[in-house]
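Enquirer: Dropping in target06.cif, with mmCIF, C-alpha atoms.
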data_model
loop_
_atom_site.label_atom_id
_atom_site.label_comp_id
_atom_site.auth_asym_id
_atom_site.auth_seq_id
_atom_site.Cartn_x
_atom_site.Cartn_y
_atom_site.Cartn_z
CA MET J 1 1.11 5.42 -66.07
CA THR J 2 2.47 8.43 -64.27
CA ASP J 3 -0.90 9.17 -62.70
CA ALA J 4 -1.23 5.58 -61.51
CA LEU J 5 2.25 5.75 -59.99
CA TRP J 6 1.37 8.93 -58.10
CA VAL J 7 -1.83 7.35 -56.80
CA LEU J 8 0.14 4.31 -55.64
CA LEU J 9 2.74 6.48 -53.88
CA LEU J 10 0.00 8.51 -52.20
CA ALA J 11 -1.74 5.33 -51.02
CA LEU J 12 1.54 3.99 -49.61
CA LEU J 13 2.18 7.29 -47.86
CA VAL J 14 -1.28 7.29 -46.29
CA ALA J 15 -0.83 3.68 -45.19
CA ALA J 16 2.55 4.49 -43.62
CA VAL J 17 1.08 7.46 -41.79
CA LEU J 18 -1.80 5.36 -40.46
CA VAL J 19 0.61 2.65 -39.26
CA ALA J 20 2.70 5.28 -37.45
CA VAL J 21 -0.40 6.86 -35.92
CA ARG J 22 -1.67 3.46 -34.80
CA ARG J 23 1.58 2.73 -32.97
CA ARG J 24 2.25 6.14 -31.44
CA LEU J 25 -1.25 7.61 -31.09
CA PRO J 26 -3.69 4.71 -30.75
CA VAL J 27 -6.48 6.95 -29.45
CA LEU J 28 -6.31 9.19 -32.54
CA PHE J 29 -6.20 6.14 -34.82
CA TRP J 30 -9.28 4.74 -33.09
CA TRP J 31 -11.26 7.93 -33.63
CA LEU J 32 -10.18 8.27 -37.28
CA VAL J 33 -10.35 4.65 -38.44
CA GLY J 34 -11.20 2.15 -35.72
CA TYR J 35 -14.48 3.53 -34.42
CA PRO J 36 -16.13 4.10 -37.85
CA ALA J 37 -15.04 0.66 -39.08
CA VAL J 38 -16.16 -1.25 -35.98
CA THR J 39 -19.42 0.69 -35.78
CA LEU J 40 -20.33 -0.15 -39.36
CA ARG J 41 -19.46 -3.80 -38.73
CA VAL J 42 -21.60 -3.91 -35.58
CA LEU J 43 -24.60 -2.26 -37.23
CA ALA J 44 -24.40 -4.43 -40.34
CA THR J 45 -23.99 -7.79 -38.57
CA TYR J 46 -25.74 -7.20 -35.23
CA ARG J 47 -28.77 -9.41 -35.84
CA ALA J 48 -26.79 -12.22 -37.47
CA THR J 49 -24.09 -12.16 -34.79
CA MET J 50 -26.60 -12.28 -31.94
CA ASP J 51 -28.39 -15.17 -33.64
CA ALA J 52 -25.14 -17.09 -34.16
CA CYS J 53 -24.19 -16.59 -30.51
CA GLY J 54 -27.55 -17.82 -29.27
CA LEU J 55 -28.54 -14.44 -27.85
CA THR J 56 -31.85 -14.09 -29.69
CA VAL J 57 -35.36 -15.08 -28.65
CA PRO J 58 -38.30 -16.35 -30.77
CA ALA J 59 -40.51 -13.68 -32.30
CA SER J 60 -43.73 -12.73 -30.57
CA ALA J 61 -47.06 -14.27 -31.60
CA MET J 62 -48.09 -11.08 -33.40
CA ARG J 63 -44.89 -11.05 -35.46
CA ARG J 64 -45.28 -14.69 -36.33
CA ALA J 65 -48.88 -14.14 -37.45
CA THR J 66 -47.87 -11.12 -39.54
CA ALA J 67 -45.07 -13.10 -41.15
CA ARG J 68 -47.42 -15.97 -42.05
CA MET J 69 -49.78 -13.50 -43.70
CA VAL J 70 -47.05 -12.39 -46.12
CA GLY J 71 -45.69 -15.91 -46.59
CA ARG J 72 -42.52 -15.48 -44.62
CA GLN J 73 -40.97 -16.99 -41.53
CA ALA J 74 -40.52 -14.74 -38.49
CA ALA J 75 -36.82 -14.27 -37.69
CA PRO J 76 -35.55 -14.53 -34.10
CA VAL J 77 -35.43 -11.22 -32.28
CA PRO J 78 -32.10 -9.90 -30.89
CA PRO J 79 -31.95 -7.69 -27.79
CA ARG J 80 -32.86 -4.08 -28.37
CA ARG J 81 -29.76 -1.89 -28.48
CA SER J 82 -28.75 1.72 -28.39
CA LEU J 83 -26.47 3.38 -30.92
CA PRO J 84 -22.77 2.50 -30.47
CA LEU J 85 -21.27 5.49 -28.67
CA PRO J 86 -17.51 6.13 -28.78
CA THR J 87 -15.31 6.09 -25.67
CA GLY J 88 -11.65 6.85 -25.17
CA SER J 89 -10.69 3.25 -25.84
CA GLY J 90 -13.61 1.72 -27.76
CA LEU J 91 -17.36 1.98 -27.90
CA VAL J 92 -20.29 1.17 -25.66
CA MET J 93 -23.83 -0.06 -26.35
CA ARG J 94 -26.72 -0.52 -23.97
CA LEU J 95 -28.84 -3.62 -24.45
CA ARG J 96 -32.29 -4.52 -23.12
CA MET J 97 -32.48 -8.23 -22.41
CA ALA J 98 -35.52 -10.20 -23.46
CA ALA J 99 -37.53 -12.35 -21.08
CA GLY J 100 -35.56 -15.41 -20.04
CA GLN J 101 -32.13 -13.92 -20.74
CA ALA J 102 -29.48 -13.33 -18.06
CA PRO J 103 -26.18 -11.41 -18.00
CA GLU J 104 -24.35 -14.74 -17.74
CA ASP J 105 -25.52 -15.62 -21.28
CA PHE J 106 -23.78 -12.54 -22.68
CA ASN J 107 -20.65 -13.08 -20.56
CA ALA J 108 -20.35 -16.59 -21.96
CA SER J 109 -20.51 -15.22 -25.52
CA ALA J 110 -18.15 -12.26 -24.97
CA ASP J 111 -15.25 -13.98 -26.74
CA ARG J 112 -17.45 -14.85 -29.74
CA LEU J 113 -18.61 -11.24 -30.01
CA ARG J 114 -15.01 -10.08 -29.87
CA HIS J 115 -14.02 -12.21 -32.85
CA ALA J 116 -17.17 -11.43 -34.80
CA TRP J 117 -16.73 -7.66 -34.53
CA GLY J 118 -12.94 -7.51 -34.68
CA ALA J 119 -12.51 -5.91 -31.24
CA HIS J 120 -9.64 -6.45 -28.84
CA ALA J 121 -11.98 -7.32 -25.97
CA VAL J 122 -15.66 -7.26 -25.04
CA HIS J 123 -16.83 -6.61 -21.49
CA VAL J 124 -20.39 -7.08 -20.30
CA GLY J 125 -21.82 -5.51 -17.17
CA PRO J 126 -25.37 -5.15 -15.85
CA THR J 127 -26.53 -1.61 -15.12
CA LYS J 128 -30.19 -1.99 -14.13
CA PRO J 129 -32.60 -4.93 -14.01
CA GLY J 130 -33.07 -6.00 -17.61
CA LEU J 131 -30.35 -3.68 -18.96
CA LEU J 132 -26.77 -4.44 -19.94
CA GLU J 133 -23.78 -2.39 -20.96
CA LEU J 134 -21.74 -3.93 -23.77
CA ARG J 135 -18.30 -2.33 -23.91
CA LEU J 136 -15.95 -3.00 -26.83
CA VAL J 137 -12.24 -2.20 -26.44
CA GLY J 138 -10.56 -1.26 -29.70
CA TRP J 139 -6.94 -2.12 -28.89
CA ASP J 140 -4.70 -3.37 -26.10
CA VAL J 141 -4.89 -0.41 -23.73
CA LEU J 142 -2.41 -2.09 -21.34
CA ALA J 143 0.39 -2.09 -23.91
CA ASP J 144 1.41 1.50 -23.14
CA VAL J 145 -0.14 3.01 -20.01
CA ARG J 146 0.43 6.68 -19.30
CA PRO J 147 -0.88 8.90 -16.50
CA PRO J 148 -4.19 10.56 -17.35
CA ARG J 149 -3.67 13.91 -19.06
CA ARG J 150 -6.41 15.43 -16.95
CA ARG J 151 -6.23 14.61 -13.27
CA LEU J 152 -9.32 12.61 -12.34
CA ARG J 153 -11.57 14.29 -9.82
CA THR J 154 -11.30 12.19 -6.69
CA GLU J 155 -12.20 12.47 -3.02
CA PRO J 156 -9.64 12.42 -0.19
CA LEU J 157 -7.89 9.07 0.15
CA THR J 158 -8.90 7.98 -3.35
CA LEU J 159 -6.21 7.50 -6.00
CA PRO J 160 -6.32 6.40 -9.66
CA LEU J 161 -3.43 3.92 -9.63
CA ALA J 162 -3.75 1.69 -12.71
CA LEU J 163 -5.59 1.41 -16.00
CA ARG J 164 -7.99 -1.51 -16.33
CA GLU J 165 -8.25 -3.58 -19.47
CA ASP J 166 -11.70 -2.14 -20.20
CA GLY J 167 -10.30 1.40 -20.41
CA HIS J 168 -11.44 2.60 -16.97
CA TRP J 169 -9.03 3.57 -14.20
CA HIS J 170 -8.71 1.41 -11.11
CA VAL J 171 -9.25 3.83 -8.22
CA ARG J 172 -7.92 2.90 -4.79
CA ASP J 173 -10.47 4.11 -2.25
CA PHE J 174 -9.20 3.66 1.29
CA ARG J 175 -12.55 4.47 2.88
CA THR J 176 -14.25 1.68 0.91
CA VAL J 177 -11.36 -0.83 0.89
CA PRO J 178 -9.25 0.15 3.89
CA HIS J 179 -6.55 -2.53 3.73
CA GLU J 180 -4.80 -4.09 0.76
CA LEU J 181 -2.41 -6.94 -0.02
CA ILE J 182 0.07 -6.42 -2.88
CA LEU J 183 2.06 -9.43 -4.12
CA GLY J 184 4.57 -9.70 -6.93
CA ALA J 185 7.90 -11.27 -7.81
CA THR J 186 11.08 -9.34 -8.51
CA GLN J 187 10.79 -7.15 -11.64
CA SER J 188 7.03 -7.76 -11.80
CA GLY J 189 6.02 -4.09 -11.41
CA LYS J 190 5.07 -4.24 -7.73
CA SER J 191 7.47 -1.44 -6.86
CA VAL J 192 6.04 0.81 -9.59
CA TYR J 193 2.53 0.27 -8.24
CA LEU J 194 3.77 1.17 -4.77
CA ARG J 195 5.50 4.32 -6.08
CA ASN J 196 2.27 5.53 -7.66
CA LEU J 197 0.46 4.84 -4.41
CA LEU J 198 2.96 6.67 -2.21
CA CYS J 199 3.27 9.65 -4.56
CA GLY J 200 -0.51 10.01 -4.71
CA LEU J 201 -0.77 9.92 -0.92
CA ALA J 202 2.20 12.27 -0.51
CA ARG J 203 0.18 15.08 -2.12
CA GLN J 204 -2.61 14.69 0.45
CA SER J 205 -2.87 15.41 4.16
CA VAL J 206 -1.92 11.90 5.22
CA ALA J 207 0.65 10.49 7.61
CA LEU J 208 2.79 7.88 5.86
CA VAL J 209 4.39 5.18 8.02
CA GLY J 210 6.88 2.72 6.55
CA ILE J 211 7.99 -0.69 7.81
CA ASP J 212 10.87 -2.06 5.73
CA CYS J 213 13.02 -4.67 7.43
CA LYS J 214 15.56 -4.71 4.59
CA TRP J 215 17.30 -1.87 6.43
CA GLY J 216 14.94 0.61 4.82
CA VAL J 217 16.38 0.18 1.33
CA GLU J 218 13.03 -0.07 -0.49
CA LEU J 219 11.45 2.94 1.25
CA ALA J 220 14.61 5.09 1.48
CA PRO J 221 13.67 7.32 -1.52
CA PHE J 222 10.40 8.24 0.24
CA VAL J 223 11.99 9.18 3.58
CA PRO J 224 11.47 12.97 3.19
CA ARG J 225 7.68 12.40 3.27
CA LEU J 226 7.51 9.62 5.89
CA SER J 227 6.25 10.36 9.39
CA ALA J 228 7.86 7.19 10.75
CA LEU J 229 10.10 4.40 9.49
CA ALA J 230 11.10 1.06 11.04
CA ASP J 231 13.99 -0.70 9.32
CA THR J 232 14.54 -3.68 11.66
CA PRO J 233 12.15 -6.24 13.18
CA ASP J 234 12.76 -4.87 16.69
CA ARG J 235 11.91 -1.29 15.69
CA ALA J 236 8.95 -2.59 13.70
CA ASN J 237 7.65 -4.30 16.83
CA ASP J 238 7.99 -1.07 18.81
CA LEU J 239 6.37 0.96 16.02
CA LEU J 240 3.39 -1.39 15.90
CA ASP J 241 2.97 -0.89 19.66
CA VAL J 242 2.82 2.87 19.10
CA LEU J 243 0.30 2.49 16.27
CA VAL J 244 -1.95 0.35 18.46
CA GLU J 245 -1.72 3.05 21.17
CA GLU J 246 -2.62 5.72 18.60
CA MET J 247 -5.60 3.65 17.47
CA GLU J 248 -6.83 3.21 21.06
CA ALA J 249 -6.48 6.96 21.69
CA ARG J 250 -8.56 7.70 18.61
CA PHE J 251 -11.29 5.36 19.77
CA ARG J 252 -11.35 7.17 23.11
CA LEU J 253 -11.71 10.44 21.22
CA ILE J 254 -14.64 9.05 19.20
CA GLY J 255 -16.32 7.87 22.41
CA MET J 256 -15.85 11.22 24.14
CA ARG J 257 -17.30 13.12 21.16
CA GLY J 258 -20.27 10.78 20.93
CA GLY J 259 -21.21 11.37 24.57
CA ALA J 260 -20.41 15.10 24.72
CA GLY J 261 -24.04 16.13 25.03
CA PRO J 262 -27.58 15.66 23.76
CA ASP J 263 -26.84 17.66 20.60
CA ALA J 264 -23.64 15.76 19.78
CA VAL J 265 -23.49 13.96 16.48
CA LEU J 266 -23.17 10.21 17.02
CA THR J 267 -20.45 8.53 15.00
CA SER J 268 -18.56 5.26 15.00
CA ASP J 269 -15.47 6.39 13.08
CA VAL J 270 -13.20 9.40 12.71
CA TRP J 271 -14.92 10.57 9.52
CA GLY J 272 -18.01 11.46 11.50
CA LEU J 273 -16.09 13.87 13.74
CA PRO J 274 -15.96 17.60 13.02
CA GLU J 275 -13.19 18.45 10.58
CA LYS J 276 -11.19 20.43 13.16
CA ALA J 277 -11.27 17.55 15.65
CA ARG J 278 -10.67 14.81 13.09
CA PRO J 279 -7.31 13.03 13.40
CA VAL J 280 -5.17 12.87 10.31
CA PRO J 281 -5.39 9.54 8.41
CA VAL J 282 -2.43 7.18 8.75
CA VAL J 283 -1.37 4.78 5.99
CA VAL J 284 1.03 2.04 7.10
CA VAL J 285 3.10 0.49 4.29
CA VAL J 286 4.64 -2.87 5.21
CA ASP J 287 7.17 -3.69 2.49
CA GLU J 288 8.50 -7.25 2.03
CA VAL J 289 6.30 -8.67 4.77
CA ALA J 290 8.19 -11.99 4.72
CA GLU J 291 11.35 -10.22 5.93
CA LEU J 292 9.38 -8.83 8.85
CA PHE J 293 8.39 -12.27 10.08
CA LEU J 294 11.55 -14.31 9.54
CA ALA J 295 12.28 -16.31 12.70
CA ALA J 296 15.55 -18.08 13.52
CA SER J 297 14.97 -18.73 17.23
CA LYS J 298 12.23 -19.09 19.80
CA ASP J 299 12.51 -15.42 20.72
CA ASP J 300 12.07 -14.47 17.05
CA GLU J 301 8.96 -16.65 16.85
CA LYS J 302 7.45 -14.93 19.90
CA ARG J 303 8.15 -11.52 18.37
CA ARG J 304 6.70 -12.64 15.04
CA ASP J 305 3.49 -13.90 16.62
CA ALA J 306 3.20 -10.67 18.59
CA MET J 307 3.61 -8.54 15.44
CA VAL J 308 1.06 -10.61 13.53
CA THR J 309 -1.39 -10.10 16.40
CA LYS J 310 -0.83 -6.33 16.33
CA LEU J 311 -1.30 -6.18 12.57
CA ILE J 312 -4.53 -8.15 12.90
CA ARG J 313 -5.77 -5.66 15.52
CA LEU J 314 -4.92 -2.76 13.23
CA ALA J 315 -6.64 -4.47 10.32
CA GLN J 316 -9.78 -5.29 12.30
CA LEU J 317 -10.19 -1.94 14.05
CA GLY J 318 -8.01 0.51 12.15
CA ARG J 319 -10.57 1.54 9.53
CA ALA J 320 -12.78 3.28 12.09
CA ALA J 321 -9.73 5.03 13.56
CA GLY J 322 -8.43 6.21 10.18
CA ILE J 323 -5.46 3.80 10.10
CA TYR J 324 -5.01 1.82 6.90
CA LEU J 325 -2.64 -1.01 5.92
CA GLU J 326 -0.77 -1.70 2.68
CA VAL J 327 1.00 -5.06 3.00
CA CYS J 328 3.47 -5.86 0.21
CA GLY J 329 5.66 -8.85 -0.49
CA GLN J 330 6.89 -11.44 -2.94
CA ARG J 331 4.78 -14.11 -1.30
CA PHE J 332 2.32 -14.42 1.56
CA GLY J 333 1.73 -17.77 3.18
CA ALA J 334 1.53 -19.88 6.30
CA GLU J 335 5.22 -19.28 7.01
CA LEU J 336 4.23 -15.93 8.52
CA GLY J 337 2.73 -17.71 11.49
CA LYS J 338 -0.56 -18.99 12.77
CA GLY J 339 -2.28 -15.62 12.26
CA ALA J 340 -1.37 -15.22 8.57
CA THR J 341 -4.71 -16.49 7.28
CA MET J 342 -6.63 -14.27 9.69
CA LEU J 343 -4.58 -11.26 8.62
CA ARG J 344 -5.16 -12.03 4.94
CA ALA J 345 -8.91 -12.15 5.52
CA GLN J 346 -8.81 -8.54 6.74
CA LEU J 347 -6.86 -7.33 3.67
CA THR J 348 -9.92 -7.11 1.43
CA GLY J 349 -8.12 -5.36 -1.43
CA ARG J 350 -5.89 -7.67 -3.46
CA VAL J 351 -3.31 -6.84 -6.14
CA CYS J 352 -1.36 -9.76 -7.60
CA HIS J 353 1.43 -9.14 -10.11
CA ARG J 354 3.44 -11.91 -11.72
CA VAL J 355 4.43 -14.36 -8.99
CA ASN J 356 6.95 -17.18 -8.84
CA ASP J 357 4.53 -19.94 -7.86
CA GLU J 358 0.85 -20.76 -8.07
CA THR J 359 0.55 -20.91 -4.28
CA SER J 360 1.19 -17.16 -3.97
CA ALA J 361 -1.50 -16.40 -6.56
CA ASN J 362 -3.97 -18.59 -4.67
CA MET J 363 -3.06 -16.88 -1.40
CA ALA J 364 -3.74 -13.51 -3.00
CA LEU J 365 -6.90 -14.23 -4.98
CA GLY J 366 -8.00 -17.82 -4.48
CA ASP J 367 -10.33 -17.07 -1.57
CA ILE J 368 -12.27 -14.36 -3.46
CA ALA J 369 -12.14 -15.38 -7.15
CA PRO J 370 -10.44 -18.64 -8.23
CA GLU J 371 -10.52 -17.60 -11.90
CA ALA J 372 -8.62 -14.43 -10.95
CA ALA J 373 -5.84 -16.55 -9.42
CA LEU J 374 -5.63 -18.50 -12.67
CA ALA J 375 -5.36 -15.23 -14.63
CA ALA J 376 -2.54 -14.06 -12.35
CA THR J 377 -0.46 -17.15 -13.13
CA ARG J 378 -0.67 -16.30 -16.84
CA ILE J 379 0.87 -12.83 -16.65
CA PRO J 380 3.88 -12.86 -19.03
CA ALA J 381 7.29 -11.83 -17.74
CA GLU J 382 7.75 -9.37 -20.62
CA ARG J 383 4.76 -7.29 -19.42
CA PRO J 384 5.95 -5.85 -16.07
CA GLY J 385 3.35 -3.82 -14.27
CA VAL J 386 0.41 -5.99 -15.35
CA ALA J 387 -1.54 -7.25 -12.34
CA VAL J 388 -4.86 -8.76 -11.39
CA VAL J 389 -6.91 -6.65 -8.98
CA GLY J 390 -9.70 -8.21 -6.94
CA ASP J 391 -11.82 -7.38 -3.93
CA SER J 392 -14.03 -9.19 -1.44
CA SER J 393 -17.05 -8.84 -3.74
CA GLY J 394 -15.52 -11.36 -6.15
CA GLY J 395 -15.00 -8.90 -8.99
CA TRP J 396 -11.59 -8.72 -10.64
CA SER J 397 -9.83 -7.15 -13.60
CA ARG J 398 -6.41 -6.96 -15.24
CA VAL J 399 -4.69 -3.63 -14.71
CA ARG J 400 -1.36 -1.96 -15.41
CA SER J 401 0.23 0.97 -13.61
CA PRO J 402 1.81 3.86 -15.51
CA HIS J 403 5.59 3.73 -15.31
CA LEU J 404 7.04 6.02 -12.65
CA THR J 405 10.79 6.18 -12.20
CA LEU J 406 12.37 6.08 -8.78
CA GLU J 407 13.91 9.53 -9.33
CA ASP J 408 10.53 11.10 -10.11
CA ALA J 409 8.94 9.42 -7.10
CA ALA J 410 11.73 10.66 -4.81
CA ALA J 411 11.32 14.19 -6.22
CA VAL J 412 7.59 14.16 -5.39
CA CYS J 413 8.36 13.13 -1.80
CA ARG J 414 10.96 15.90 -1.45
CA ASP J 415 8.57 18.51 -2.83
CA THR J 416 5.77 17.44 -0.46
CA SER J 417 7.88 17.10 2.68
CA GLY J 418 6.14 20.15 4.13
CA LEU J 419 2.85 18.24 4.28
CA ILE J 420 4.02 15.87 7.04
CA PRO J 421 1.41 16.15 9.82
CA GLU J 422 2.26 16.40 13.50
CA LEU J 423 1.77 13.12 15.37
CA PRO J 424 3.65 13.24 18.69
CA ARG J 425 3.58 9.48 19.20
CA LEU J 426 5.49 8.91 15.95
CA GLU J 427 8.22 11.52 16.51
CA ALA J 428 10.62 8.93 17.94
CA PHE J 429 10.43 6.98 14.67
CA ARG J 430 10.80 9.98 12.37
CA PRO J 431 13.55 9.11 9.85
CA VAL J 432 16.56 11.37 9.52
CA VAL J 433 16.72 13.04 6.12
CA ALA J 434 20.26 13.30 4.79
CA GLN J 435 21.10 16.84 3.71
CA PRO J 436 23.12 17.35 0.53
CA SER J 437 26.72 18.17 1.25
CA ALA J 438 27.71 21.83 0.77
CA VAL J 439 31.45 21.15 0.62
CA PRO J 440 32.77 22.23 -2.80
CA ALA J 441 34.45 19.60 -4.86
CA ALA J 442 38.24 19.65 -4.80
CA GLN J 443 39.85 21.19 -7.85
CA PRO J 444 42.44 19.03 -9.60
CA SER J 445 45.93 20.34 -9.14
CA ALA J 446 47.82 21.45 -12.23
CA ARG J 447 50.69 19.27 -13.28
CA PRO J 448 54.02 20.90 -14.02
CA VAL J 449 55.03 21.04 -17.62
CA THR J 450 58.06 18.91 -18.29
CA GLY J 451 60.14 19.23 -21.31
#
Rewrite the structure from the file as structure tokens, please.

Expert:
Amino acid sequence: MTDALWVLLLALLVAAVLVAVRRRLPVLFWWLVGYPAVTLRVLATYRATMDACGLTVPASAMRRATARMVGRQAAPVPPRRSLPLPTGSGLVMRLRMAAGQAPEDFNASADRLRHAWGAHAVHVGPTKPGLLELRLVGWDVLADVRPPRRRLRTEPLTLPLALREDGHWHVRDFRTVPHELILGATQSGKSVYLRNLLCGLARQSVALVGIDCKWGVELAPFVPRLSALADTPDRANDLLDVLVEEMEARFRLIGMRGGAGPDAVLTSDVWGLPEKARPVPVVVVVDEVAELFLAASKDDEKRRDAMVTKLIRLAQLGRAAGIYLEVCGQRFGAELGKGATMLRAQLTGRVCHRVNDETSANMALGDIAPEAALAATRIPAERPGVAVVGDSSGGWSRVRSPHLTLEDAAAVCRDTSGLIPELPRLEAFRPVVAQPSAVPAAQPSARPVTG
């Protein structure tokens, strides 16, 4: 009886340790328990699961003839697979589709495969003609997102900003997707996404320009790293004029370099120029875009239409000049003026956090992937930071940014203030950085002792 009690206590202790490891160290739990269990389940039930999901094909004539010779019936043939290989968040298998099969067939059965193999999610993606990659995710990787322990190797102007639900990082590449629209309600995680973006850019040789018509409150912590800041609609209008002038000057530079001589390298954007002659990239962050375009009078409407026109020019031509837009807000709609739809069409990158109404989700994602807009409306309020990311290709995924406090983001901007590039046109809009006061605190005076 004593031995049985000790065995029971040991089993309970092991179970408690595994529960703690699963909650605190899900990656370790996956490698110790999850991956072996799921792999055995996949290998043991692969043929039956594929047959039940309708992903098999009839056996070849030779197999059928061989089966008849031994008095058996030839079983349907599943797709050929590789061994399940472990990943940081699950496992991956490569499948070779049979004749007549399409990736859509496997996408339609992804939820059935998830339940059959006890995985959190199953993602299917084509790699080559006839080949598929079947990726199983072992647990909810978006439940607790942390920055990667090893900094991902990225090129200039590329930033890993959020973890996707398939375990890969969503990388923001400005040279591929130059302009982006970020929407999200209050407390939805939009500000955290923007902090990760600004802190990642602050460490690079980039000019950061802020437009925040809420008197600069949202972008105030990043002032030490900003090359320019406009905190009112009037200053924003003037700043956009300067940015358009900077863009035109860069195009003149590209034209002069292209016609410098017979041996000159022809280029249509700043990235084709020699590194010494290449202008520094400029990222313009427009925070709370609705505040920028509020109009209470006819004069305000004229200014709004003028600013929308300038933003459209920057969005249409800025990529070649190395000027990129990040437009943020709680909503984005026709109330911004007659050019709002045209501006949205140029913002090919889309990030939609939890929004207050379905119209905002449709404005963000409805024109590129209607099912992505539906997924954005289902983001729960208790999961701040979860968003749906889409692009003009129609692909989309759920992501979540690692939490970054405002104090840590402000510290990064203070530490990188020496990286602010020199852009003479923006000097007039350079924000004033408040210096900490050096006056010592007053000492409290001693009270007389009274008897």

Enquirer: Residues within 12 Å of Ala102 (chain J), please, as a CSV table (one decimal) with C-alpha atoms, in the frame of the given file. Count all atoms listed in the file; anything in the same chain fewer than 3 positions from it doesn't count.

Expert:
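Output (selection_36.csv):
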chain,number,residue,atom,x,y,z
J,55,LEU,CA,-28.5,-14.4,-27.8
J,56,THR,CA,-31.8,-14.1,-29.7
J,79,PRO,CA,-32.0,-7.7,-27.8
J,95,LEU,CA,-28.8,-3.6,-24.4
J,96,ARG,CA,-32.3,-4.5,-23.1
J,97,MET,CA,-32.5,-8.2,-22.4
J,98,ALA,CA,-35.5,-10.2,-23.5
J,99,ALA,CA,-37.5,-12.4,-21.1
J,105,ASP,CA,-25.5,-15.6,-21.3
J,106,PHE,CA,-23.8,-12.5,-22.7
J,107,ASN,CA,-20.6,-13.1,-20.6
J,108,ALA,CA,-20.4,-16.6,-22.0
J,109,SER,CA,-20.5,-15.2,-25.5
J,124,VAL,CA,-20.4,-7.1,-20.3
J,125,GLY,CA,-21.8,-5.5,-17.2
J,126,PRO,CA,-25.4,-5.2,-15.8
J,129,PRO,CA,-32.6,-4.9,-14.0
J,130,GLY,CA,-33.1,-6.0,-17.6
J,131,LEU,CA,-30.4,-3.7,-19.0
J,132,LEU,CA,-26.8,-4.4,-19.9

Enquirer: Compare J:Pro370, J:Gly138, J:Gly184, J:Gly418 by their minimum atom-to-atom distance to Val92 (chain J), counting all atoms listed in the file, and give me the closest one.

Expert: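 The answer is J:Gly138, which sits nearest to Val92 (chain J).
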
Enquirer: Taking the file above as input, evaluate the PyMOL selection byres ((chain J and resi 162) around 9) and report the hits as a ChimeraX atom specification.

Expert: /J:145,147,160-161,163-164,168-171,193,196,399-402

Enquirer: For the structure shown, which residues end up in the PyMOL selection byres ((chain J and resi 42-52) around 10)? Put them as a list in words, please?

Expert: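 Taken over the shown coordinates, the PyMOL selection byres ((chain J and resi 42-52) around 10) returns Pro36, Ala37, Val38, Thr39, Leu40, Arg41, Cys53, Gly54, Leu55, Thr56, Val57, Ala75, Pro76, Val77, Pro78, Pro79, Arg81, Leu83, Pro84, Phe106, Ser109, Arg112, Leu113, Ala116, Trp117 and Gly118 of chain J.
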
Enquirer: Those residues with C-alpha atoms, as an mmCIF file, keeping the file's coordinate frame please?

Expert:
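Written out: part-v3.cif:
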data_model
loop_
_atom_site.group_PDB
_atom_site.id
_atom_site.type_symbol
_atom_site.label_atom_id
_atom_site.label_comp_id
_atom_site.auth_asym_id
_atom_site.auth_seq_id
_atom_site.Cartn_x
_atom_site.Cartn_y
_atom_site.Cartn_z
ATOM 1 C CA PRO J 36 -16.130 4.100 -37.850
ATOM 2 C CA ALA J 37 -15.040 0.660 -39.080
ATOM 3 C CA VAL J 38 -16.160 -1.250 -35.980
ATOM 4 C CA THR J 39 -19.420 0.690 -35.780
ATOM 5 C CA LEU J 40 -20.330 -0.150 -39.360
ATOM 6 C CA ARG J 41 -19.460 -3.800 -38.730
ATOM 7 C CA CYS J 53 -24.190 -16.590 -30.510
ATOM 8 C CA GLY J 54 -27.550 -17.820 -29.270
ATOM 9 C CA LEU J 55 -28.540 -14.440 -27.850
ATOM 10 C CA THR J 56 -31.850 -14.090 -29.690
ATOM 11 C CA VAL J 57 -35.360 -15.080 -28.650
ATOM 12 C CA ALA J 75 -36.820 -14.270 -37.690
ATOM 13 C CA PRO J 76 -35.550 -14.530 -34.100
ATOM 14 C CA VAL J 77 -35.430 -11.220 -32.280
ATOM 15 C CA PRO J 78 -32.100 -9.900 -30.890
ATOM 16 C CA PRO J 79 -31.950 -7.690 -27.790
ATOM 17 C CA ARG J 81 -29.760 -1.890 -28.480
ATOM 18 C CA LEU J 83 -26.470 3.380 -30.920
ATOM 19 C CA PRO J 84 -22.770 2.500 -30.470
ATOM 20 C CA PHE J 106 -23.780 -12.540 -22.680
ATOM 21 C CA SER J 109 -20.510 -15.220 -25.520
ATOM 22 C CA ARG J 112 -17.450 -14.850 -29.740
ATOM 23 C CA LEU J 113 -18.610 -11.240 -30.010
ATOM 24 C CA ALA J 116 -17.170 -11.430 -34.800
ATOM 25 C CA TRP J 117 -16.730 -7.660 -34.530
ATOM 26 C CA GLY J 118 -12.940 -7.510 -34.680
#

Enquirer: Figure out the distance between CA of Leu183 (chain J) and CA of Arg331 (chain J), please, to one decimal in Å.

Expert: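 Computed distance, CA of Arg331 (chain J) to CA of Leu183 (chain J), equals 6.1 Å.
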
Enquirer: With 8 Å of padding per side, what axis-aligned box (centre and edge lengths, Å, one decimal) covers all the listed atoms of region 32-47 of chain J? Give it as JSON.

Expert:
{"center_x": -19.5, "center_y": -0.6, "center_z": -37.4, "size_x": 34.6, "size_y": 33.7, "size_z": 21.9}

Enquirer: Could you state which residues are captured by the PyMOL selection byres ((chain J and resi 421) around 12) in this file, as a list of chain:residue names?

Expert: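 When the PyMOL selection byres ((chain J and resi 421) around 12) is applied to the shown file, the picked residues are J:Ala202, J:Gln204, J:Ser205, J:Val206, J:Ala207, J:Leu208, J:Val209, J:Arg225, J:Leu226, J:Ser227, J:Ala228, J:Pro279, J:Val280, J:Pro281, J:Val282, J:Thr416, J:Ser417, J:Gly418, J:Leu419, J:Ile420, J:Glu422, J:Leu423, J:Pro424, J:Arg425, J:Leu426, J:Glu427, J:Arg430.
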